[in-house]
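Raw input32.cif, mmCIF, C-alpha atoms:
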```cif
data_work
#
loop_
_atom_site.group_PDB
_atom_site.id
_atom_site.type_symbol
_atom_site.label_atom_id
_atom_site.label_comp_id
_atom_site.auth_asym_id
_atom_site.auth_seq_id
_atom_site.Cartn_x
_atom_site.Cartn_y
_atom_site.Cartn_z
ATOM 1 C CA MET A 54 240.003 198.578 434.197
ATOM 2 C CA PRO A 55 237.267 196.390 435.718
ATOM 3 C CA GLU A 56 238.085 193.906 438.477
ATOM 4 C CA PRO A 57 238.275 190.302 437.332
ATOM 5 C CA SER A 58 235.170 188.275 438.014
ATOM 6 C CA PRO A 59 235.374 185.839 440.951
ATOM 7 C CA THR A 60 236.229 182.322 439.947
ATOM 8 C CA PRO A 61 233.532 179.655 440.426
ATOM 9 C CA LYS A 62 235.480 178.238 443.400
ATOM 10 C CA ARG A 63 235.689 181.668 445.044
ATOM 11 C CA ARG A 64 231.991 182.335 444.376
ATOM 12 C CA GLY A 65 231.175 179.036 446.099
ATOM 13 C CA ARG A 66 233.210 180.019 449.148
ATOM 14 C CA LEU A 67 231.511 183.404 449.282
ATOM 15 C CA LEU A 68 228.060 181.818 449.047
ATOM 16 C CA ARG A 69 228.878 179.319 451.784
ATOM 17 C CA SER A 70 230.277 182.061 454.018
ATOM 18 C CA GLY A 71 227.193 184.200 453.447
ATOM 19 C CA ALA A 72 224.891 181.303 454.206
ATOM 20 C CA ALA A 73 226.807 180.501 457.387
ATOM 21 C CA LEU A 74 226.574 184.134 458.492
ATOM 22 C CA CYS A 75 222.816 184.138 457.892
ATOM 23 C CA VAL A 76 222.447 180.988 459.957
ATOM 24 C CA LEU A 77 224.492 182.477 462.804
ATOM 25 C CA LEU A 78 222.444 185.661 462.755
ATOM 26 C CA ALA A 79 219.210 183.692 462.745
ATOM 27 C CA VAL A 80 220.361 181.567 465.687
ATOM 28 C CA ALA A 81 221.470 184.655 467.595
ATOM 29 C CA GLY A 82 218.131 186.307 466.960
ATOM 30 C CA TYR A 83 216.261 183.187 468.007
ATOM 31 C CA LEU A 84 218.240 182.858 471.240
ATOM 32 C CA THR A 85 217.675 186.531 472.001
ATOM 33 C CA VAL A 86 213.929 186.144 471.579
ATOM 34 C CA GLN A 87 213.981 182.997 473.718
ATOM 35 C CA TYR A 88 215.821 184.800 476.501
ATOM 36 C CA LEU A 89 213.573 187.845 476.422
ATOM 37 C CA THR A 90 210.301 185.945 476.255
ATOM 38 C CA GLY A 91 211.072 183.000 478.477
ATOM 39 C CA GLY A 92 211.386 180.587 475.600
ATOM 40 C CA THR A 93 209.021 178.705 473.329
ATOM 41 C CA GLY A 94 211.158 175.580 473.067
ATOM 42 C CA PRO A 95 211.539 172.902 475.729
ATOM 43 C CA GLY A 96 213.051 174.405 478.849
ATOM 44 C CA CYS A 97 211.214 172.375 481.484
ATOM 45 C CA GLU A 98 210.904 168.687 482.212
ATOM 46 C CA VAL A 99 208.854 166.510 484.532
ATOM 47 C CA VAL A 100 209.854 162.938 485.244
ATOM 48 C CA ALA A 101 208.150 160.035 486.935
ATOM 49 C CA ALA A 102 208.980 159.403 490.568
ATOM 50 C CA GLY A 103 211.930 157.035 490.602
ATOM 51 C CA ARG A 104 213.007 158.317 487.174
ATOM 52 C CA ASP A 105 211.934 155.066 485.510
ATOM 53 C CA GLY A 106 208.422 155.816 484.317
ATOM 54 C CA GLY A 107 208.799 158.307 481.497
ATOM 55 C CA SER A 108 209.217 162.052 481.180
ATOM 56 C CA TYR A 109 207.645 165.034 479.462
ATOM 57 C CA GLU A 110 209.422 168.129 478.139
ATOM 58 C CA PHE A 111 207.541 171.394 477.858
ATOM 59 C CA THR A 112 208.071 175.142 477.583
ATOM 60 C CA PRO A 113 208.187 177.849 480.271
ATOM 61 C CA GLU A 114 204.869 179.197 478.950
ATOM 62 C CA GLN A 115 203.255 175.787 479.300
ATOM 63 C CA ALA A 116 204.790 175.350 482.748
ATOM 64 C CA VAL A 117 203.206 178.539 484.085
ATOM 65 C CA ASN A 118 199.781 177.570 482.775
ATOM 66 C CA ALA A 119 200.019 173.991 484.046
ATOM 67 C CA ALA A 120 201.017 175.227 487.505
ATOM 68 C CA THR A 121 198.032 177.590 487.547
ATOM 69 C CA ILE A 122 195.620 174.799 486.567
ATOM 70 C CA ALA A 123 196.959 172.580 489.362
ATOM 71 C CA ALA A 124 196.914 175.358 491.968
ATOM 72 C CA VAL A 125 193.329 176.326 491.184
ATOM 73 C CA GLY A 126 192.270 172.678 491.349
ATOM 74 C CA THR A 127 193.817 171.931 494.731
ATOM 75 C CA GLY A 128 192.577 175.282 496.008
ATOM 76 C CA ARG A 129 189.061 174.050 495.302
ATOM 77 C CA GLY A 130 189.759 170.803 497.122
ATOM 78 C CA MET A 131 189.733 168.814 493.875
ATOM 79 C CA PRO A 132 191.662 165.511 493.864
ATOM 80 C CA GLU A 133 194.720 164.779 491.755
ATOM 81 C CA ARG A 134 192.552 162.894 489.251
ATOM 82 C CA ALA A 135 190.633 166.092 488.538
ATOM 83 C CA VAL A 136 193.894 167.947 487.916
ATOM 84 C CA THR A 137 194.979 165.208 485.502
ATOM 85 C CA ILE A 138 191.709 165.526 483.590
ATOM 86 C CA ALA A 139 192.035 169.315 483.449
ATOM 87 C CA LEU A 140 195.646 169.173 482.239
ATOM 88 C CA ALA A 141 194.860 166.543 479.588
ATOM 89 C CA THR A 142 191.983 168.724 478.383
ATOM 90 C CA ALA A 143 194.140 171.856 478.170
ATOM 91 C CA LEU A 144 196.913 169.935 476.399
ATOM 92 C CA GLN A 145 194.427 168.860 473.731
ATOM 93 C CA GLU A 146 192.517 172.139 473.423
ATOM 94 C CA SER A 147 195.395 174.633 473.452
ATOM 95 C CA ASP A 148 198.673 172.782 474.052
ATOM 96 C CA LEU A 149 198.673 174.566 477.433
ATOM 97 C CA ARG A 150 198.861 177.984 475.743
ATOM 98 C CA ASN A 151 196.504 180.831 476.530
ATOM 99 C CA LEU A 152 195.210 181.307 472.973
ATOM 100 C CA ASP A 153 193.322 184.449 471.977
ATOM 101 C CA HIS A 154 191.690 182.618 469.062
ATOM 102 C CA GLY A 155 190.118 179.302 468.156
ATOM 103 C CA ASP A 156 187.151 177.671 466.478
ATOM 104 C CA ARG A 157 184.418 180.282 466.211
ATOM 105 C CA ASP A 158 184.678 182.275 469.457
ATOM 106 C CA SER A 159 186.721 179.707 471.442
ATOM 107 C CA LEU A 160 189.413 181.216 473.658
ATOM 108 C CA GLY A 161 192.001 180.431 476.288
ATOM 109 C CA LEU A 162 193.529 177.303 477.763
ATOM 110 C CA PHE A 163 190.337 175.260 477.478
ATOM 111 C CA GLN A 164 188.975 176.928 474.326
ATOM 112 C CA GLN A 165 185.836 178.027 476.141
ATOM 113 C CA ARG A 166 183.247 180.071 474.263
ATOM 114 C CA PRO A 167 181.712 183.297 475.587
ATOM 115 C CA SER A 168 178.631 182.628 473.444
ATOM 116 C CA GLN A 169 178.077 179.338 475.290
ATOM 117 C CA GLY A 170 178.009 180.868 478.750
ATOM 118 C CA TRP A 171 181.588 180.182 479.884
ATOM 119 C CA GLY A 172 182.168 183.829 480.771
ATOM 120 C CA THR A 173 183.274 187.004 479.060
ATOM 121 C CA ALA A 174 186.242 186.959 476.712
ATOM 122 C CA LYS A 175 188.306 188.810 479.324
ATOM 123 C CA GLU A 176 187.399 186.281 482.011
ATOM 124 C CA ILE A 177 188.174 183.284 479.833
ATOM 125 C CA MET A 178 191.580 184.718 478.950
ATOM 126 C CA ASP A 179 192.433 184.675 482.683
ATOM 127 C CA PRO A 180 193.952 181.187 483.211
ATOM 128 C CA ALA A 181 192.873 181.042 486.863
ATOM 129 C CA TYR A 182 189.277 181.870 485.928
ATOM 130 C CA SER A 183 189.129 179.431 483.007
ATOM 131 C CA ALA A 184 190.567 176.633 485.155
ATOM 132 C CA GLY A 185 188.092 177.416 487.916
ATOM 133 C CA VAL A 186 185.075 177.267 485.640
ATOM 134 C CA PHE A 187 186.324 174.002 484.127
ATOM 135 C CA TYR A 188 186.571 172.435 487.598
ATOM 136 C CA ARG A 189 183.135 173.764 488.498
ATOM 137 C CA HIS A 190 181.620 171.891 485.558
ATOM 138 C CA LEU A 191 183.745 168.782 486.131
ATOM 139 C CA ASP A 192 182.624 168.590 489.754
ATOM 140 C CA LYS A 193 179.039 168.207 488.521
ATOM 141 C CA VAL A 194 179.905 165.071 486.512
ATOM 142 C CA ASP A 195 178.802 162.078 488.578
ATOM 143 C CA GLY A 196 181.665 159.701 489.311
ATOM 144 C CA TYR A 197 184.169 161.579 487.177
ATOM 145 C CA GLN A 198 187.110 160.111 489.150
ATOM 146 C CA ARG A 199 186.162 156.627 487.945
ATOM 147 C CA LEU A 200 185.575 157.656 484.336
ATOM 148 C CA PRO A 201 188.198 157.487 481.577
ATOM 149 C CA VAL A 202 189.779 160.858 480.856
ATOM 150 C CA THR A 203 188.085 160.976 477.460
ATOM 151 C CA VAL A 204 184.628 160.528 478.971
ATOM 152 C CA ALA A 205 185.112 162.922 481.883
ATOM 153 C CA ALA A 206 186.624 165.646 479.687
ATOM 154 C CA GLN A 207 183.937 165.224 477.046
ATOM 155 C CA ARG A 208 181.146 165.629 479.621
ATOM 156 C CA VAL A 209 182.542 169.110 480.255
ATOM 157 C CA GLN A 210 183.850 170.149 476.850
ATOM 158 C CA ARG A 211 181.419 168.643 474.309
ATOM 159 C CA SER A 212 184.288 168.350 471.818
ATOM 160 C CA GLY A 213 183.961 167.156 468.261
ATOM 161 C CA PHE A 214 187.016 164.930 468.850
ATOM 162 C CA PRO A 215 186.467 163.369 472.283
ATOM 163 C CA GLU A 216 188.929 160.493 471.833
ATOM 164 C CA ALA A 217 191.811 162.947 471.395
ATOM 165 C CA TYR A 218 191.984 163.642 475.135
ATOM 166 C CA ALA A 219 193.251 160.113 475.865
ATOM 167 C CA ARG A 220 196.623 160.558 474.158
ATOM 168 C CA HIS A 221 197.535 163.334 476.612
ATOM 169 C CA GLU A 222 196.778 161.354 479.768
ATOM 170 C CA PRO A 223 200.344 160.053 480.379
ATOM 171 C CA ASP A 224 201.866 163.544 480.185
ATOM 172 C CA ALA A 225 199.009 165.042 482.206
ATOM 173 C CA ALA A 226 199.471 162.396 484.901
ATOM 174 C CA LEU A 227 203.186 163.216 485.212
ATOM 175 C CA LEU A 228 202.412 166.930 485.454
ATOM 176 C CA SER A 229 199.618 166.530 487.987
ATOM 177 C CA ALA A 230 201.722 164.272 490.249
ATOM 178 C CA ALA A 231 204.430 166.951 490.366
ATOM 179 C CA LEU A 232 202.213 170.036 490.468
ATOM 180 C CA THR A 233 199.982 168.720 493.247
ATOM 181 C CA GLY A 234 203.118 167.852 495.218
ATOM 182 C CA ARG A 235 202.668 164.082 495.407
ATOM 183 C CA ALA A 236 205.853 163.378 493.424
ATOM 184 C CA ALA A 237 208.690 165.254 495.116
ATOM 185 C CA ALA A 238 211.568 166.908 493.214
ATOM 186 C CA THR A 239 210.335 165.699 489.813
ATOM 187 C CA LEU A 240 209.829 169.024 487.977
ATOM 188 C CA THR A 241 212.710 171.168 486.768
ATOM 189 C CA CYS A 242 213.158 174.141 484.449
ATOM 190 C CA GLN A 243 216.276 175.814 483.138
ATOM 191 C CA GLY A 244 215.047 179.235 484.241
ATOM 192 C CA ARG A 245 216.460 182.670 483.483
ATOM 193 C CA PRO A 246 218.836 184.042 486.135
ATOM 194 C CA GLY A 247 218.938 187.811 486.403
ATOM 195 C CA ILE A 248 216.756 190.737 487.295
ATOM 196 C CA SER A 249 213.851 192.499 485.645
ATOM 197 C CA PRO A 250 212.037 195.697 486.629
ATOM 198 C CA THR A 251 208.741 193.775 486.582
ATOM 199 C CA THR A 252 209.855 190.894 488.791
ATOM 200 C CA GLY A 253 211.077 190.411 492.332
ATOM 201 C CA PRO A 254 209.519 189.291 495.626
ATOM 202 C CA ASP A 255 206.409 191.432 495.171
ATOM 203 C CA ALA A 256 205.749 189.891 491.759
ATOM 204 C CA VAL A 257 206.257 186.398 493.194
ATOM 205 C CA ARG A 258 203.785 187.037 495.997
ATOM 206 C CA ALA A 259 201.222 188.541 493.611
ATOM 207 C CA ALA A 260 201.511 185.498 491.338
ATOM 208 C CA LEU A 261 201.096 183.165 494.326
ATOM 209 C CA VAL A 262 197.902 184.978 495.281
ATOM 210 C CA ARG A 263 196.678 184.848 491.688
ATOM 211 C CA ASP A 264 196.945 181.060 491.602
ATOM 212 C CA PHE A 265 196.467 179.880 495.189
ATOM 213 C CA GLY A 266 194.433 182.662 496.765
ATOM 214 C CA ARG A 267 195.357 185.313 499.279
ATOM 215 C CA GLU A 268 195.762 182.972 502.242
ATOM 216 C CA VAL A 269 198.942 181.480 500.774
ATOM 217 C CA VAL A 270 200.836 184.678 501.660
ATOM 218 C CA GLN A 271 198.436 186.770 503.717
ATOM 219 C CA VAL A 272 198.287 184.923 506.983
ATOM 220 C CA ALA A 273 198.635 186.827 510.245
ATOM 221 C CA GLY A 274 198.682 190.138 508.379
ATOM 222 C CA ALA A 275 201.202 189.531 505.623
ATOM 223 C CA GLU A 276 200.735 191.778 502.583
ATOM 224 C CA ALA A 277 200.413 190.743 498.942
ATOM 225 C CA GLY A 278 198.901 192.194 495.796
ATOM 226 C CA GLY A 279 196.553 190.771 493.183
ATOM 227 C CA GLY A 280 194.238 187.818 493.583
ATOM 228 C CA ARG A 281 191.553 185.659 492.063
ATOM 229 C CA GLY A 282 188.707 186.342 494.419
ATOM 230 C CA ALA A 283 187.897 185.674 498.010
ATOM 231 C CA SER A 284 189.600 182.698 499.622
ATOM 232 C CA PRO A 285 188.625 180.761 502.728
ATOM 233 C CA ALA A 286 190.418 181.651 505.922
ATOM 234 C CA PRO A 287 193.100 179.193 507.048
ATOM 235 C CA THR A 288 192.155 176.808 509.806
ATOM 236 C CA ALA A 289 195.391 177.234 511.747
ATOM 237 C CA PRO A 290 197.410 180.381 512.535
ATOM 238 C CA ALA A 291 200.733 180.763 510.805
ATOM 239 C CA ALA A 292 203.327 183.358 509.995
ATOM 240 C CA GLY A 293 202.740 185.053 506.679
ATOM 241 C CA ALA A 294 205.041 185.069 503.679
ATOM 242 C CA ALA A 295 208.107 187.117 504.547
ATOM 243 C CA THR A 296 210.807 188.586 502.335
ATOM 244 C CA ASP A 297 214.355 189.828 502.913
ATOM 245 C CA GLY A 298 214.403 191.858 499.692
ATOM 246 C CA ARG A 299 215.173 188.895 497.431
ATOM 247 C CA THR A 300 213.684 185.806 499.045
ATOM 248 C CA VAL A 301 210.039 185.006 499.720
ATOM 249 C CA THR A 302 209.711 182.570 502.620
ATOM 250 C CA LEU A 303 206.474 180.587 502.669
ATOM 251 C CA PRO A 304 205.543 178.618 505.795
ATOM 252 C CA VAL A 305 203.957 175.376 504.642
ATOM 253 C CA ARG A 306 200.563 174.787 506.211
ATOM 254 C CA THR A 307 197.772 172.558 505.030
ATOM 255 C CA GLY A 308 194.489 172.990 506.897
ATOM 256 C CA SER A 309 192.631 173.236 503.588
ATOM 257 C CA GLY A 310 190.639 170.045 504.030
ATOM 258 C CA ASP A 311 191.947 168.522 500.777
ATOM 259 C CA GLY A 312 193.558 165.571 502.541
ATOM 260 C CA ARG A 313 197.076 166.313 501.346
ATOM 261 C CA SER A 314 200.076 166.143 503.649
ATOM 262 C CA THR A 315 202.283 169.073 504.582
ATOM 263 C CA ALA A 316 205.050 167.597 502.432
ATOM 264 C CA GLU A 317 202.762 167.486 499.391
ATOM 265 C CA ARG A 318 201.692 171.086 499.957
ATOM 266 C CA GLY A 319 205.324 172.126 500.228
ATOM 267 C CA TRP A 320 206.356 170.341 497.043
ATOM 268 C CA GLN A 321 203.414 171.861 495.211
ATOM 269 C CA LEU A 322 204.602 175.350 496.167
ATOM 270 C CA ALA A 323 208.221 174.501 495.325
ATOM 271 C CA HIS A 324 207.330 173.057 491.916
ATOM 272 C CA TRP A 325 205.036 176.030 491.261
ATOM 273 C CA ALA A 326 207.994 178.353 491.841
ATOM 274 C CA VAL A 327 210.212 176.400 489.438
ATOM 275 C CA ALA A 328 207.459 176.388 486.805
ATOM 276 C CA ASN A 329 207.293 180.187 487.117
ATOM 277 C CA ALA A 330 211.071 180.655 487.214
ATOM 278 C CA SER A 331 211.468 182.134 483.727
ATOM 279 C CA ALA A 332 208.469 184.439 484.002
ATOM 280 C CA LEU A 333 209.421 185.743 487.462
ATOM 281 C CA HIS A 334 213.242 185.530 487.250
ATOM 282 C CA ILE A 335 213.405 183.123 490.162
ATOM 283 C CA GLU A 336 216.984 182.028 490.781
ATOM 284 C CA ARG A 337 216.667 179.482 493.560
ATOM 285 C CA VAL A 338 214.010 177.394 495.310
ATOM 286 C CA ALA A 339 214.703 175.438 498.502
ATOM 287 C CA TYR A 340 212.486 172.968 500.319
ATOM 288 C CA ALA A 341 212.868 169.853 502.472
ATOM 289 C CA GLY A 342 216.653 169.732 502.207
ATOM 290 C CA ARG A 343 216.627 170.018 498.402
ATOM 291 C CA GLU A 344 217.456 172.991 496.205
ATOM 292 C CA TRP A 345 216.836 173.929 492.580
ATOM 293 C CA THR A 346 219.007 176.615 490.931
ATOM 294 C CA ALA A 347 218.286 178.424 487.660
ATOM 295 C CA GLY A 348 220.723 177.940 484.820
ATOM 296 C CA VAL A 349 222.138 174.628 486.023
ATOM 297 C CA THR A 350 222.469 172.455 482.928
ATOM 298 C CA GLU A 351 220.996 169.310 484.442
ATOM 299 C CA GLY A 352 218.372 171.324 486.301
ATOM 300 C CA GLU A 353 217.983 168.701 489.017
ATOM 301 C CA TRP A 354 217.105 169.214 492.659
ATOM 302 C CA ARG A 355 220.266 168.696 494.675
ATOM 303 C CA ALA A 356 220.548 167.795 498.329
ATOM 304 C CA VAL A 357 221.752 170.604 500.587
ATOM 305 C CA ASP A 358 222.634 170.862 504.251
ATOM 306 C CA GLY A 359 220.355 172.339 506.909
ATOM 307 C CA LYS A 360 221.610 175.903 506.489
ATOM 308 C CA ASN A 361 219.141 176.922 503.778
ATOM 309 C CA GLY A 362 216.280 177.944 506.026
ATOM 310 C CA ASP A 363 213.848 175.081 505.505
ATOM 311 C CA ARG A 364 212.270 175.920 508.860
ATOM 312 C CA SER A 365 210.604 179.118 510.050
ATOM 313 C CA ALA A 366 210.677 180.502 513.578
ATOM 314 C CA GLY A 367 207.746 178.306 514.616
ATOM 315 C CA SER A 368 209.518 175.167 513.333
ATOM 316 C CA ALA A 369 207.089 174.927 510.406
ATOM 317 C CA PRO A 370 208.697 173.743 507.160
ATOM 318 C CA THR A 371 209.149 176.523 504.641
ATOM 319 C CA VAL A 372 209.612 177.006 500.918
ATOM 320 C CA ARG A 373 212.210 179.653 500.112
ATOM 321 C CA ILE A 374 211.917 181.366 496.702
ATOM 322 C CA THR A 375 214.865 183.609 495.824
ATOM 323 C CA THR A 376 214.626 186.094 492.948
ATOM 324 C CA GLY A 377 217.434 187.707 490.920
ATOM 325 C CA ARG A 378 219.910 190.157 492.361
#
```
So that I can check it, write out the structure of this file as structure tokens.
Amino acid sequence: MPEPSPTPKRRGRLLRSGAALCVLLAVAGYLTVQYLTGGTGPGCEVVAAGRDGGSYEFTPEQAVNAATIAAVGTGRGMPERAVTIALATALQESDLRNLDHGDRDSLGLFQQRPSQGWGTAKEIMDPAYSAGVFYRHLDKVDGYQRLPVTVAAQRVQRSGFPEAYARHEPDAALLSAALTGRAAATLTCQGRPGISPTTGPDAVRAALVRDFGREVVQVAGAEAGGGRGASPAPTAPAAGAATDGRTVTLPVRTGSGDGRSTAERGWQLAHWAVANASALHIERVAYAGREWTAGVTEGEWRAVDGKNGDRSAGSAPTVRITTGR
């Protein structure tokens, strides 16, 4: 004898239960992808100094690229205004994502075209290279620091929509203030605590070299892998980046001729580490009596006592970057 057909009320409950299960599975899948990839939704935030001048939320992917753009700019001795222009340009051209496609043969963060002499496709897809070639062209624009962002960016990009750069200036200004180190403790990310076979102190040091150049870790014989080309020798001796198996300790030295203070250099390195936290499984960053910890809901820099190693043996201030266990 066949089973009785479900009543309309029961069918409704079954449909609602099935729909709820599908939603739960979709959310679980989404969260899994976010955890494995570092996230494509907001996971980072930069705020104005004083916390009363606005904020900008962005993704871990965008954070890594923004930190690279800022590091390459300051490494070339470019002022903060140049970094703001570069970040506003990349926000408009690619939303700070390293795109492998675009209009015609446009590629990368700045949508540069191999056919127009910006470099090979492989070079343009290297964020450090593409940022460097952007700054090289920007530096040739007379008086670019006094020009509106739209004008300065357009002199480099030759975009069909030059006015579009202006709408990104507020967010770019917040990012550049943090990522050049002028605005202390203003950039946070949620991060991803834990370990990965492709991360650790060696990966952190290689990424530092990629963005800042070899001298950031290889001073007085310190070792590091990777790089973005030859870098000028430091003007003052210093201990190199050291590691205890989990923590990379960076003595903060300026001597680069860019006019920035030691504190600004230190906050640039500290914010760089936080921006790369998801990609490199960085768990903790300490500098100048403040500490950021991955996974903390608020994600703010908290004050800590003097037992966190903010000074190296030579009394130079240090940035301490601790990776997962």
Result set, the PyMOL selection byres ((chain A and resi 143-152) around 10) on current file, as a PyMOL selection string:
chain A and resi 111-112+114-119+122+137-142+153-155+159-165+177-180+183-184+206+210+212+214-215+217-222+224-225
Please write the residues from the selection above to a file, keeping C-alpha atoms, as a PDB file, in the frame of the given file.
```pdb
ATOM      1  CA  PHE A 111     207.541 171.394 477.858  1.00  0.00           C
ATOM      2  CA  THR A 112     208.071 175.142 477.583  1.00  0.00           C
ATOM      3  CA  GLU A 114     204.869 179.197 478.950  1.00  0.00           C
ATOM      4  CA  GLN A 115     203.255 175.787 479.300  1.00  0.00           C
ATOM      5  CA  ALA A 116     204.790 175.350 482.748  1.00  0.00           C
ATOM      6  CA  VAL A 117     203.206 178.539 484.085  1.00  0.00           C
ATOM      7  CA  ASN A 118     199.781 177.570 482.775  1.00  0.00           C
ATOM      8  CA  ALA A 119     200.019 173.991 484.046  1.00  0.00           C
ATOM      9  CA  ILE A 122     195.620 174.799 486.567  1.00  0.00           C
ATOM     10  CA  THR A 137     194.979 165.208 485.502  1.00  0.00           C
ATOM     11  CA  ILE A 138     191.709 165.526 483.590  1.00  0.00           C
ATOM     12  CA  ALA A 139     192.035 169.315 483.449  1.00  0.00           C
ATOM     13  CA  LEU A 140     195.646 169.173 482.239  1.00  0.00           C
ATOM     14  CA  ALA A 141     194.860 166.543 479.588  1.00  0.00           C
ATOM     15  CA  THR A 142     191.983 168.724 478.383  1.00  0.00           C
ATOM     16  CA  ASP A 153     193.322 184.449 471.977  1.00  0.00           C
ATOM     17  CA  HIS A 154     191.690 182.618 469.062  1.00  0.00           C
ATOM     18  CA  GLY A 155     190.118 179.302 468.156  1.00  0.00           C
ATOM     19  CA  SER A 159     186.721 179.707 471.442  1.00  0.00           C
ATOM     20  CA  LEU A 160     189.413 181.216 473.658  1.00  0.00           C
ATOM     21  CA  GLY A 161     192.001 180.431 476.288  1.00  0.00           C
ATOM     22  CA  LEU A 162     193.529 177.303 477.763  1.00  0.00           C
ATOM     23  CA  PHE A 163     190.337 175.260 477.478  1.00  0.00           C
ATOM     24  CA  GLN A 164     188.975 176.928 474.326  1.00  0.00           C
ATOM     25  CA  GLN A 165     185.836 178.027 476.141  1.00  0.00           C
ATOM     26  CA  ILE A 177     188.174 183.284 479.833  1.00  0.00           C
ATOM     27  CA  MET A 178     191.580 184.718 478.950  1.00  0.00           C
ATOM     28  CA  ASP A 179     192.433 184.675 482.683  1.00  0.00           C
ATOM     29  CA  PRO A 180     193.952 181.187 483.211  1.00  0.00           C
ATOM     30  CA  SER A 183     189.129 179.431 483.007  1.00  0.00           C
ATOM     31  CA  ALA A 184     190.567 176.633 485.155  1.00  0.00           C
ATOM     32  CA  ALA A 206     186.624 165.646 479.687  1.00  0.00           C
ATOM     33  CA  GLN A 210     183.850 170.149 476.850  1.00  0.00           C
ATOM     34  CA  SER A 212     184.288 168.350 471.818  1.00  0.00           C
ATOM     35  CA  PHE A 214     187.016 164.930 468.850  1.00  0.00           C
ATOM     36  CA  PRO A 215     186.467 163.369 472.283  1.00  0.00           C
ATOM     37  CA  ALA A 217     191.811 162.947 471.395  1.00  0.00           C
ATOM     38  CA  TYR A 218     191.984 163.642 475.135  1.00  0.00           C
ATOM     39  CA  ALA A 219     193.251 160.113 475.865  1.00  0.00           C
ATOM     40  CA  ARG A 220     196.623 160.558 474.158  1.00  0.00           C
ATOM     41  CA  HIS A 221     197.535 163.334 476.612  1.00  0.00           C
ATOM     42  CA  GLU A 222     196.778 161.354 479.768  1.00  0.00           C
ATOM     43  CA  ASP A 224     201.866 163.544 480.185  1.00  0.00           C
ATOM     44  CA  ALA A 225     199.009 165.042 482.206  1.00  0.00           C
TER      45      ALA A 225
END
```
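Computed from the coordinates, the CA of Trp354 in chain A to CA of Ala238 in chain A distance equals 6.0 Å.
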Compare A:Gly103, A:Val186, A:Thr346, A:Arg157 by their minimum atom-to-atom distance to Gly170 in chain A, counting all atoms listed in the file, and give me the closest one.
A:Val186
Show me the residues around (181.0, 164.5, 487.7) - criterion: an atom at most 12 Å away, all atoms listed in the file counted - as a count of residues only.
26
Hey, could you pull the box centre and edge lengths for range 150-167 of chain A, axis-aligned, 8 Å padding per side, all listed atoms, to one decimal in Å, as JSON?
```
{"center_x": 190.3, "center_y": 179.9, "center_z": 472.0, "size_x": 33.1, "size_y": 25.2, "size_z": 27.6}
```
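Picture a line from CA of Gly130 in chain A to CA of Asp255 in chain A; it runs 26.6 Å.
Among the candidates A:Gly348, A:Gly266, A:Pro370, A:Gly253, the one nearest to Pro304 in chain A when counting only C-alpha atoms is A:Pro370.
Separating CA of Tyr109 in chain A from CA of Leu232 in chain A is a distance of 13.3 Å.
Distance annotation: of A:Val327, A:Ala236, A:Ala181, A:Leu228, the residue with the minimal separation from Gly126 in chain A is A:Ala181; atom set is all atoms listed in the file.
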Between A:Gln169, A:Ser331, A:Gln321, A:Thr121, which one has atoms that come closest to Thr233 in chain A, using only C-alpha atoms?
A:Gln321
Evaluate the PyMOL selection byres ((chain A and resi 110) around 7) on the structure here and hand back the selected residues as JSON, numbers by chain.
{"A": [95, 97, 98, 99, 108, 109, 111]}
For those residues, write C-alpha atoms to a file as an mmCIF file, in the coordinates of the input.
```cif
data_model
loop_
_atom_site.group_PDB
_atom_site.id
_atom_site.type_symbol
_atom_site.label_atom_id
_atom_site.label_comp_id
_atom_site.auth_asym_id
_atom_site.auth_seq_id
_atom_site.Cartn_x
_atom_site.Cartn_y
_atom_site.Cartn_z
ATOM 1 C CA PRO A 95 211.539 172.902 475.729
ATOM 2 C CA CYS A 97 211.214 172.375 481.484
ATOM 3 C CA GLU A 98 210.904 168.687 482.212
ATOM 4 C CA VAL A 99 208.854 166.510 484.532
ATOM 5 C CA SER A 108 209.217 162.052 481.180
ATOM 6 C CA TYR A 109 207.645 165.034 479.462
ATOM 7 C CA PHE A 111 207.541 171.394 477.858
#
```
Take the PyMOL selection byres ((chain A and resi 235) around 12), apply it to the structure above, and return the hits as a ChimeraX atom specification.
/A:101-102,123,127,132-134,226-234,236-240,312-324
List the neighbours of Asn329 in chain A out to 9 Å using only C-alpha atoms; skip same-chain residues closer than 4 positions along the sequence, and give me the result as a ChimeraX atom specification.
/A:113-114,116-117,120,242,244,257,260,324-325,333-335
